[in-house]
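Structure file data-v4.txt with compact mmCIF, C-alpha atoms and all ligand atoms:
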```
# COMPACT_ATOMS: atom_id res chain seq x y z
CA MET A 16 96.68 -48.67 -120.68
CA VAL A 17 95.97 -46.82 -123.95
CA VAL A 18 92.35 -46.93 -125.05
CA ASN A 19 91.41 -45.74 -128.51
CA MET A 20 87.99 -44.47 -127.45
CA LYS A 21 85.70 -43.89 -130.38
CA GLY A 22 82.53 -44.34 -128.31
CA ARG A 23 81.36 -42.45 -125.24
CA PHE A 24 81.24 -43.65 -121.67
CA ILE A 25 78.27 -42.52 -119.53
CA THR A 26 77.76 -43.52 -115.89
CA LEU A 27 74.90 -43.13 -113.41
CA GLU A 28 75.48 -42.69 -109.71
CA GLY A 29 73.60 -41.95 -106.53
CA THR A 30 72.63 -43.24 -103.11
CA GLU A 31 69.91 -45.76 -102.37
CA GLY A 32 66.58 -45.55 -104.21
CA VAL A 33 67.38 -42.44 -106.27
CA GLY A 34 65.98 -44.12 -109.39
CA LYS A 35 69.06 -45.19 -111.35
CA THR A 36 67.32 -48.20 -112.88
CA SER A 37 64.29 -46.21 -114.03
CA ASN A 38 66.49 -43.52 -115.56
CA LEU A 39 68.91 -45.93 -117.23
CA ASN A 40 66.02 -47.17 -119.36
CA PHE A 41 65.25 -43.58 -120.32
CA ILE A 42 68.87 -42.78 -121.27
CA GLU A 43 69.23 -45.99 -123.26
CA ASN A 44 66.04 -45.24 -125.22
CA ILE A 45 67.10 -41.67 -126.08
CA LEU A 46 70.48 -42.85 -127.35
CA ARG A 47 69.00 -45.70 -129.37
CA ASP A 48 66.43 -43.33 -130.89
CA ALA A 49 69.36 -41.15 -131.96
CA GLY A 50 70.79 -44.15 -133.85
CA ILE A 51 73.58 -44.85 -131.36
CA ASP A 52 74.81 -48.37 -130.68
CA VAL A 53 74.43 -48.67 -126.89
CA VAL A 54 75.86 -51.20 -124.46
CA ARG A 55 74.16 -51.13 -121.08
CA THR A 56 75.96 -52.59 -118.11
CA ARG A 57 76.43 -52.23 -114.36
CA GLU A 58 78.97 -52.31 -111.54
CA PRO A 59 79.89 -54.32 -109.74
CA GLY A 60 79.07 -56.70 -112.57
CA GLY A 61 78.94 -56.98 -116.34
CA PRO A 62 80.74 -60.09 -117.60
CA PRO A 63 80.20 -63.44 -115.78
CA LEU A 64 83.29 -63.25 -113.54
CA SER A 65 82.41 -59.72 -112.43
CA GLU A 66 78.82 -60.81 -111.76
CA THR A 67 80.20 -63.61 -109.55
CA ILE A 68 82.17 -61.01 -107.59
CA ARG A 69 79.00 -58.90 -107.35
CA LYS A 70 77.18 -61.79 -105.69
CA MET A 71 80.02 -62.10 -103.17
CA VAL A 72 80.12 -58.42 -102.19
CA LEU A 73 76.34 -58.03 -101.95
CA ASP A 74 75.80 -61.30 -100.05
CA THR A 75 74.47 -60.53 -96.57
CA HIS A 76 76.13 -63.74 -95.28
CA GLN A 77 79.57 -62.19 -95.97
CA ASP A 78 79.35 -60.17 -92.78
CA ASP A 79 83.04 -60.54 -91.91
CA ILE A 80 84.38 -59.14 -95.21
CA CYS A 81 86.97 -56.47 -94.32
CA ASP A 82 87.00 -53.02 -95.92
CA ASP A 83 90.18 -53.61 -97.94
CA THR A 84 88.82 -56.89 -99.32
CA GLU A 85 85.63 -55.12 -100.36
CA LEU A 86 87.65 -52.39 -102.07
CA LEU A 87 89.89 -54.84 -103.91
CA LEU A 88 86.93 -56.94 -105.03
CA MET A 89 85.30 -53.84 -106.53
CA PHE A 90 88.45 -53.18 -108.55
CA ALA A 91 88.90 -56.86 -109.45
CA ALA A 92 85.36 -56.88 -110.88
CA ARG A 93 86.12 -53.59 -112.66
CA ALA A 94 89.38 -54.82 -114.22
CA GLN A 95 87.55 -57.76 -115.77
CA HIS A 96 84.64 -55.54 -116.82
CA LEU A 97 86.96 -53.10 -118.57
CA HIS A 98 88.96 -55.82 -120.26
CA GLN A 99 86.07 -57.94 -121.44
CA LEU A 100 83.28 -55.47 -122.11
CA ILE A 101 83.78 -51.73 -121.64
CA ILE A 102 87.03 -51.15 -123.56
CA PRO A 103 86.15 -53.39 -126.54
CA ALA A 104 82.77 -51.63 -126.82
CA LEU A 105 84.28 -48.12 -126.66
CA GLU A 106 86.96 -49.07 -129.19
CA ALA A 107 84.23 -50.34 -131.51
CA GLY A 108 82.54 -46.92 -131.36
CA LYS A 109 79.68 -47.99 -129.08
CA TRP A 110 78.35 -45.88 -126.24
CA VAL A 111 78.58 -47.60 -122.89
CA VAL A 112 75.96 -46.70 -120.27
CA CYS A 113 76.98 -48.06 -116.89
CA ASP A 114 74.99 -48.23 -113.64
CA ARG A 115 77.72 -47.07 -111.20
CA PHE A 116 81.49 -46.99 -111.73
CA THR A 117 84.52 -45.71 -109.80
CA ASP A 118 82.72 -42.68 -108.34
CA ALA A 119 80.76 -45.31 -106.36
CA THR A 120 84.02 -46.68 -104.97
CA TYR A 121 85.07 -43.21 -103.79
CA ALA A 122 81.60 -42.68 -102.32
CA TYR A 123 80.96 -46.09 -100.66
CA GLN A 124 84.42 -47.45 -99.83
CA GLY A 125 85.91 -43.96 -99.39
CA GLY A 126 83.07 -41.90 -97.87
CA GLY A 127 81.07 -44.77 -96.37
CA ARG A 128 83.81 -47.09 -95.09
CA GLY A 129 86.40 -44.36 -94.51
CA ILE A 130 89.17 -45.70 -96.77
CA ASP A 131 91.61 -42.96 -97.70
CA GLN A 132 90.80 -41.49 -101.12
CA SER A 133 94.48 -41.55 -102.11
CA ARG A 134 94.54 -45.36 -101.79
CA ILE A 135 91.49 -45.59 -104.06
CA ALA A 136 93.20 -43.27 -106.54
CA ILE A 137 96.19 -45.64 -106.74
CA LEU A 138 93.91 -48.56 -107.67
CA GLU A 139 91.97 -46.38 -110.10
CA LYS A 140 95.16 -45.48 -111.96
CA TRP A 141 96.38 -49.08 -111.89
CA VAL A 142 93.17 -50.62 -113.20
CA GLN A 143 91.92 -47.87 -115.51
CA GLY A 144 94.99 -45.95 -116.59
CA ASP A 145 93.57 -42.64 -117.86
CA LEU A 146 90.13 -44.03 -118.70
CA ARG A 147 87.36 -42.02 -117.01
CA PRO A 148 83.66 -41.58 -117.83
CA ASP A 149 82.90 -38.82 -120.35
CA LEU A 150 79.71 -37.96 -118.52
CA THR A 151 78.30 -38.92 -115.14
CA PHE A 152 74.75 -38.30 -113.94
CA LEU A 153 74.62 -37.96 -110.18
CA LEU A 154 71.03 -38.52 -109.12
CA ASP A 155 70.81 -36.69 -105.84
CA MET A 156 68.15 -36.52 -103.16
CA PRO A 157 67.97 -36.57 -99.35
CA VAL A 158 69.15 -39.95 -98.08
CA GLU A 159 66.05 -40.46 -95.96
CA ASP A 160 63.71 -40.05 -98.94
CA GLY A 161 65.75 -42.43 -101.12
CA LEU A 162 65.77 -45.06 -98.38
CA ALA A 163 61.98 -44.74 -98.11
CA ARG A 164 61.65 -45.35 -101.87
CA ALA A 165 64.04 -48.32 -101.77
CA SER A 166 62.27 -49.88 -98.78
CA SER A 167 59.50 -51.10 -101.06
CA ARG A 168 61.94 -53.70 -102.43
CA SER A 169 62.12 -57.24 -101.05
CA GLU A 170 65.51 -58.55 -99.84
CA PRO A 171 68.09 -55.92 -98.79
CA ASP A 172 71.68 -56.58 -99.93
CA ARG A 173 74.77 -56.16 -97.71
CA PHE A 174 75.02 -52.40 -98.40
CA GLU A 175 71.33 -51.81 -97.88
CA LEU A 176 71.72 -53.04 -94.29
CA GLU A 177 73.87 -49.98 -93.52
CA LYS A 178 72.49 -47.15 -91.38
CA GLN A 179 71.44 -43.71 -92.64
CA ASP A 180 74.68 -42.17 -91.39
CA PHE A 181 76.70 -44.37 -93.80
CA PHE A 182 74.63 -43.14 -96.74
CA GLU A 183 74.99 -39.50 -95.60
CA HIS A 184 78.78 -39.92 -95.94
CA VAL A 185 78.26 -41.56 -99.36
CA ARG A 186 76.07 -38.67 -100.54
CA HIS A 187 78.47 -36.06 -99.22
CA THR A 188 81.38 -37.70 -101.10
CA TYR A 189 79.41 -37.85 -104.33
CA LEU A 190 78.50 -34.16 -104.04
CA ARG A 191 82.09 -33.22 -103.29
CA ARG A 192 83.26 -35.07 -106.40
CA ALA A 193 80.58 -33.40 -108.52
CA LYS A 194 81.68 -30.00 -107.27
CA ALA A 195 85.31 -30.82 -108.14
CA GLU A 196 84.44 -31.98 -111.68
CA PRO A 197 81.37 -30.00 -112.82
CA GLU A 198 82.08 -30.58 -116.51
CA ARG A 199 81.88 -34.34 -116.16
CA VAL A 200 79.48 -34.85 -113.25
CA LYS A 201 75.99 -33.41 -113.74
CA ILE A 202 73.88 -33.24 -110.59
CA ILE A 203 70.27 -34.20 -111.24
CA ASP A 204 67.65 -33.42 -108.61
CA ALA A 205 66.10 -36.89 -108.15
CA SER A 206 63.40 -35.75 -105.69
CA PRO A 207 60.59 -34.71 -108.06
CA SER A 208 58.38 -36.98 -110.17
CA LEU A 209 60.07 -39.28 -112.69
CA ASP A 210 59.07 -37.15 -115.69
CA LYS A 211 60.65 -34.05 -114.09
CA VAL A 212 63.85 -36.00 -113.34
CA GLN A 213 63.93 -37.27 -116.92
CA HIS A 214 63.42 -33.76 -118.26
CA GLN A 215 66.68 -32.69 -116.55
CA ILE A 216 68.53 -35.73 -117.91
CA GLY A 217 67.10 -35.18 -121.39
CA GLU A 218 68.42 -31.60 -121.46
CA VAL A 219 71.97 -32.75 -120.69
CA LEU A 220 71.78 -35.52 -123.30
CA SER A 221 70.48 -33.11 -125.95
CA GLU A 222 73.58 -30.98 -125.45
CA ILE A 223 75.87 -34.00 -125.83
CA LEU A 224 74.04 -35.26 -128.91
CA ALA A 225 74.23 -31.82 -130.51
CA GLN A 226 78.06 -31.76 -130.22
N1 LIG A 301 79.03 -50.39 -104.75
C1 LIG A 301 80.15 -50.07 -103.99
O1 LIG A 301 80.09 -50.10 -102.76
N2 LIG A 301 81.30 -49.73 -104.63
C2 LIG A 301 81.41 -49.70 -105.97
O2 LIG A 301 82.50 -49.41 -106.50
C3 LIG A 301 80.25 -50.04 -106.75
C4 LIG A 301 79.08 -50.36 -106.10
C5 LIG A 301 80.33 -50.00 -108.23
C6 LIG A 301 74.99 -52.36 -105.66
O3 LIG A 301 74.64 -51.29 -106.47
C7 LIG A 301 75.78 -51.87 -104.48
O4 LIG A 301 77.17 -51.85 -104.78
C8 LIG A 301 75.43 -50.47 -104.09
C9 LIG A 301 76.75 -49.73 -103.92
C10 LIG A 301 77.79 -50.80 -104.05
N3 LIG A 301 74.75 -50.59 -102.88
N4 LIG A 301 74.01 -49.80 -102.38
N5 LIG A 301 73.33 -49.17 -101.82
P1 LIG A 301 73.24 -51.24 -107.22
O5 LIG A 301 73.31 -50.01 -108.05
O6 LIG A 301 72.96 -52.50 -107.90
O7 LIG A 301 72.17 -51.14 -106.03
P2 LIG A 301 71.26 -49.96 -105.60
O8 LIG A 301 71.93 -48.71 -105.27
O9 LIG A 301 70.51 -50.55 -104.48
O10 LIG A 301 70.45 -49.58 -106.92
P3 LIG A 301 69.04 -49.99 -107.32
O11 LIG A 301 68.53 -51.10 -106.47
O12 LIG A 301 69.06 -50.30 -108.77
O13 LIG A 301 68.24 -48.66 -106.96
P4 LIG A 301 67.96 -47.42 -107.92
O14 LIG A 301 68.22 -47.85 -109.32
O15 LIG A 301 68.62 -46.20 -107.50
O16 LIG A 301 66.46 -47.13 -107.71
P5 LIG A 301 65.22 -47.71 -108.57
O17 LIG A 301 65.07 -49.18 -108.35
O18 LIG A 301 65.21 -47.21 -109.97
O19 LIG A 301 64.07 -46.90 -107.81
C11 LIG A 301 63.71 -47.21 -106.48
C12 LIG A 301 62.18 -47.07 -106.34
O20 LIG A 301 61.82 -45.70 -106.46
C13 LIG A 301 61.39 -47.83 -107.41
O21 LIG A 301 60.22 -48.33 -106.82
C14 LIG A 301 61.05 -46.72 -108.43
O22 LIG A 301 59.87 -46.99 -109.13
C15 LIG A 301 60.89 -45.51 -107.53
N6 LIG A 301 61.24 -44.24 -108.18
C16 LIG A 301 62.29 -44.01 -109.01
N7 LIG A 301 62.30 -42.71 -109.40
C17 LIG A 301 61.23 -42.11 -108.79
C18 LIG A 301 60.72 -40.78 -108.79
N8 LIG A 301 61.30 -39.77 -109.47
N9 LIG A 301 59.63 -40.54 -108.04
C19 LIG A 301 59.04 -41.52 -107.33
N10 LIG A 301 59.46 -42.81 -107.29
C20 LIG A 301 60.56 -43.09 -108.00
```

Rewrite the structure from the file as structure tokens, please.
Ligand code: Z5A
Amino acid sequence: MVVNMKGRFITLEGTEGVGKTSNLNFIENILRDAGIDVVRTREPGGPPLSETIRKMVLDTHQDDICDDTELLLMFAARAQHLHQLIIPALEAGKWVVCDRFTDATYAYQGGGRGIDQSRIAILEKWVQGDLRPDLTFLLDMPVEDGLARASSRSEPDRFELEKQDFFEHVRHTYLRRAKAEPERVKIIDASPSLDKVQHQIGEVLSEILAQ
């Protein structure tokens, strides 16, 4: 797959309750204020077919879904998302801001479920070719504290029913990936107050916008 990327691709990652939603609004506003045409989206999800897959993988009634099915559904949703929304937007010069992407697959299906990273890498290459995010914010905080924040929400989805140990593996995988790719993945300390978290994000964005 050859993508003529004129826009930029920014993703947000992290474990439960780290504040992705709150900070996505902040990022979107900064970019729009800078006159950038922004497309905001999420994974799994985006276009209607990918949103249908999202409902399936988050549905708590799907308790017999096997790990490989879950992995393949994530990439099926992603293939459609890339084809229908992300690639056309990037080729049109827009900046795409996405709530989770393939780092989440490495973290949840790889770290959490224990699927070999090399198998995920094969699907990544198949579905994305060489397309990778230009910049990824990893909102990081102790799993226990994030779960406490997230517990204020109503209905847990299928992932939110997992135990703390699962999310410790997810966090560890995210941090390992950030360490391996420090230029792309910026670790943001998500523990302090929202304005302090946003200050860190704002500093990274200022650098990008100045380039
Ligand atoms: N998944 C996967 O397994 N494989 C994949 O490849 C992909 C995804 C792409 C859906 O993701 C699930 O899909 C996800 C992984 C899996 N499951 N899990 N877990 P999702 O992103 O839609 O779901 P989520 O992780 O549960 O995200 P969320 O619900 O949007 O949470 P959040 O955005 O991180 O948190 P928030 O709603 O912005 O904040 C939580 C609360 O904390 C809220 O009350 C805020 O007001 C508060 N908050 C936020 N920041 C602060 C600060 N700094 N201080 C105090 N309070 C704060």

Nearest candidate to Arg192 in chain A (options A:Ala94, A:Ala163, A:Ile137, A:Ala122; using only C-alpha atoms):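 That would be A:Ala122, the residue with the smallest distance to Arg192 in chain A.
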
Distance criterion (all atoms listed in the file): nearest to ligand LIG 301 (chain A) out of A:Arg147, A:Arg23, A:His214, A:Arg168: A:Arg168

Protein and nucleic acid residues within 6 Å of ligand LIG 301 (chain A) (all atoms listed in the file) as JSON, numbers by chain: {"A": [30, 31, 32, 33, 34, 35, 36, 37, 58, 59, 89, 115, 116, 117, 119, 120, 123, 124, 164, 165, 174, 175, 205, 206, 207, 208, 209, 212]}

Atomic separation - CA of Trp110 in chain A relative to CA of Val54 in chain A, Å: 6.1 Å

Surrounding residues of Lys70 in chain A excluding itself and chain neighbours under 4 positions, 9 Å, all atoms listed in the file, as number ranges by chain: A: 59-60, 65-66, 74

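For the pair CA of Ala136 in chain A and CA of Ala195 in chain A, the separation is 14.8 Å.
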
d(CA of Gly144 in chain A, CA of Leu27 in chain A) in Å: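 Spanning CA of Gly144 in chain A to CA of Leu27 in chain A is a straight-line distance of 20.5 Å.
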
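Nearest-residue note for Leu100 in chain A: choosing from A:Gly61, A:Asp79, A:Thr84, A:Ile68, the minimum distance belongs to A:Gly61, counting all atoms listed in the file.
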
Residue nearest Leu138 in chain A - candidates A:Leu88, A:Leu46, A:Ile25, A:Ile102, atoms counted: only C-alpha atoms: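 Of the candidates, the smallest distance to Leu138 in chain A is held by A:Leu88.
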
Closest of A:Lys109, A:Arg134, A:Gln213, A:Gly29 to Val200 in chain A - atom-to-atom distances counting only C-alpha atoms: A:Gly29

Within 10 Å of His98 in chain A using all atoms listed in the file, minus same-chain residues under 6 positions, as a list of chain:residue names: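 Everything that qualifies: A:Pro62, A:Ala104, A:Val142, A:Gln143.
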
Proximity to Glu106 in chain A - best of A:Leu87, A:Val18, A:Met156, A:Val185, only C-alpha atoms: A:Val18

Could you work out an axis-aligned box for range 90-103 of chain A, taking every atom the file lists and adding 8 Å on each side, and report centre and edge lengths in Å to one decimal, as AutoDock Vina command-line options?
```
--center_x 86.3 --center_y -54.5 --center_z -117.5 --size_x 22.1 --size_y 22.8 --size_z 34.0
```

Polymer residues at most 8 Å from Gln179 in chain A, all atoms listed in the file, same-chain spacing of 3 or more positions, as a PyMOL selection string: chain A and resi 158-159+182-183

Missing atoms in range 16-27 of chain A: can you complete it with all heavy atoms, as an mmCIF file, keeping the file's coordinate frame?
```cif
data_model
loop_
_atom_site.group_PDB
_atom_site.id
_atom_site.type_symbol
_atom_site.label_atom_id
_atom_site.label_comp_id
_atom_site.auth_asym_id
_atom_site.auth_seq_id
_atom_site.Cartn_x
_atom_site.Cartn_y
_atom_site.Cartn_z
ATOM 1 N N MET A 16 97.716 -48.178 -119.787
ATOM 2 C CA MET A 16 96.680 -48.670 -120.680
ATOM 3 C C MET A 16 96.286 -47.557 -121.665
ATOM 4 O O MET A 16 95.944 -46.460 -121.247
ATOM 5 C CB MET A 16 95.437 -49.048 -119.848
ATOM 6 C CG MET A 16 94.319 -49.640 -120.656
ATOM 7 S SD MET A 16 92.745 -49.573 -119.773
ATOM 8 C CE MET A 16 93.162 -50.218 -118.172
ATOM 9 N N VAL A 17 96.379 -47.826 -122.960
ATOM 10 C CA VAL A 17 95.970 -46.820 -123.950
ATOM 11 C C VAL A 17 94.681 -47.319 -124.602
ATOM 12 O O VAL A 17 94.632 -48.415 -125.155
ATOM 13 C CB VAL A 17 97.053 -46.625 -125.027
ATOM 14 C CG1 VAL A 17 96.602 -45.593 -126.045
ATOM 15 C CG2 VAL A 17 98.359 -46.219 -124.377
ATOM 16 N N VAL A 18 93.639 -46.537 -124.477
ATOM 17 C CA VAL A 18 92.350 -46.930 -125.050
ATOM 18 C C VAL A 18 92.013 -45.975 -126.183
ATOM 19 O O VAL A 18 91.971 -44.761 -125.992
ATOM 20 C CB VAL A 18 91.226 -46.873 -123.974
ATOM 21 C CG1 VAL A 18 89.918 -47.363 -124.558
ATOM 22 C CG2 VAL A 18 91.612 -47.679 -122.749
ATOM 23 N N ASN A 19 91.789 -46.543 -127.359
ATOM 24 C CA ASN A 19 91.410 -45.740 -128.510
ATOM 25 C C ASN A 19 89.894 -45.583 -128.500
ATOM 26 O O ASN A 19 89.175 -46.321 -129.149
ATOM 27 C CB ASN A 19 91.897 -46.434 -129.780
ATOM 28 C CG ASN A 19 91.572 -45.622 -131.006
ATOM 29 O OD1 ASN A 19 91.208 -44.445 -130.910
ATOM 30 N ND2 ASN A 19 91.682 -46.248 -132.165
ATOM 31 N N MET A 20 89.426 -44.596 -127.691
ATOM 32 C CA MET A 20 87.990 -44.470 -127.450
ATOM 33 C C MET A 20 87.268 -43.773 -128.585
ATOM 34 O O MET A 20 87.408 -42.566 -128.743
ATOM 35 C CB MET A 20 87.758 -43.711 -126.148
ATOM 36 C CG MET A 20 87.661 -44.648 -124.988
ATOM 37 S SD MET A 20 87.345 -43.895 -123.394
ATOM 38 C CE MET A 20 85.957 -42.858 -123.600
ATOM 39 N N LYS A 21 86.507 -44.526 -129.338
ATOM 40 C CA LYS A 21 85.700 -43.890 -130.380
ATOM 41 C C LYS A 21 84.293 -43.654 -129.843
ATOM 42 O O LYS A 21 83.592 -42.785 -130.314
ATOM 43 C CB LYS A 21 85.644 -44.805 -131.608
ATOM 44 C CG LYS A 21 86.990 -44.992 -132.280
ATOM 45 C CD LYS A 21 86.795 -45.708 -133.615
ATOM 46 C CE LYS A 21 88.084 -46.295 -134.130
ATOM 47 N NZ LYS A 21 87.988 -47.714 -134.482
ATOM 48 N N GLY A 22 83.866 -44.495 -128.898
ATOM 49 C CA GLY A 22 82.530 -44.340 -128.310
ATOM 50 C C GLY A 22 82.573 -43.399 -127.116
ATOM 51 O O GLY A 22 83.584 -42.776 -126.830
ATOM 52 N N ARG A 23 81.432 -43.298 -126.441
ATOM 53 C CA ARG A 23 81.360 -42.450 -125.240
ATOM 54 C C ARG A 23 80.997 -43.332 -124.039
ATOM 55 O O ARG A 23 80.305 -44.339 -124.189
ATOM 56 C CB ARG A 23 80.268 -41.390 -125.386
ATOM 57 C CG ARG A 23 80.459 -40.451 -126.547
ATOM 58 C CD ARG A 23 81.331 -39.258 -126.136
ATOM 59 N NE ARG A 23 81.377 -38.302 -127.234
ATOM 60 C CZ ARG A 23 80.581 -37.241 -127.308
ATOM 61 N NH1 ARG A 23 79.706 -36.991 -126.368
ATOM 62 N NH2 ARG A 23 80.684 -36.420 -128.338
ATOM 63 N N PHE A 24 81.440 -42.873 -122.889
ATOM 64 C CA PHE A 24 81.240 -43.650 -121.670
ATOM 65 C C PHE A 24 80.417 -42.804 -120.680
ATOM 66 O O PHE A 24 80.886 -41.767 -120.202
ATOM 67 C CB PHE A 24 82.623 -43.992 -121.096
ATOM 68 C CG PHE A 24 82.627 -44.907 -119.909
ATOM 69 C CD1 PHE A 24 81.551 -45.750 -119.631
ATOM 70 C CD2 PHE A 24 83.725 -44.950 -119.061
ATOM 71 C CE1 PHE A 24 81.571 -46.608 -118.539
ATOM 72 C CE2 PHE A 24 83.759 -45.804 -117.968
ATOM 73 C CZ PHE A 24 82.674 -46.630 -117.704
ATOM 74 N N ILE A 25 79.188 -43.261 -120.412
ATOM 75 C CA ILE A 25 78.270 -42.520 -119.530
ATOM 76 C C ILE A 25 77.980 -43.376 -118.296
ATOM 77 O O ILE A 25 77.691 -44.569 -118.412
ATOM 78 C CB ILE A 25 76.944 -42.211 -120.262
ATOM 79 C CG1 ILE A 25 77.215 -41.334 -121.484
ATOM 80 C CG2 ILE A 25 75.940 -41.542 -119.326
ATOM 81 C CD1 ILE A 25 75.980 -41.021 -122.314
ATOM 82 N N THR A 26 78.058 -42.762 -117.114
ATOM 83 C CA THR A 26 77.760 -43.520 -115.890
ATOM 84 C C THR A 26 76.644 -42.830 -115.101
ATOM 85 O O THR A 26 76.421 -41.620 -115.233
ATOM 86 C CB THR A 26 79.012 -43.656 -115.006
ATOM 87 O OG1 THR A 26 79.503 -42.358 -114.671
ATOM 88 C CG2 THR A 26 80.114 -44.419 -115.725
ATOM 89 N N LEU A 27 75.965 -43.628 -114.287
ATOM 90 C CA LEU A 27 74.900 -43.130 -113.410
ATOM 91 C C LEU A 27 75.241 -43.458 -111.977
ATOM 92 O O LEU A 27 75.619 -44.596 -111.688
ATOM 93 C CB LEU A 27 73.588 -43.851 -113.746
ATOM 94 C CG LEU A 27 72.499 -42.936 -114.272
ATOM 95 C CD1 LEU A 27 72.648 -42.909 -115.769
ATOM 96 C CD2 LEU A 27 71.144 -43.452 -113.893
#
```
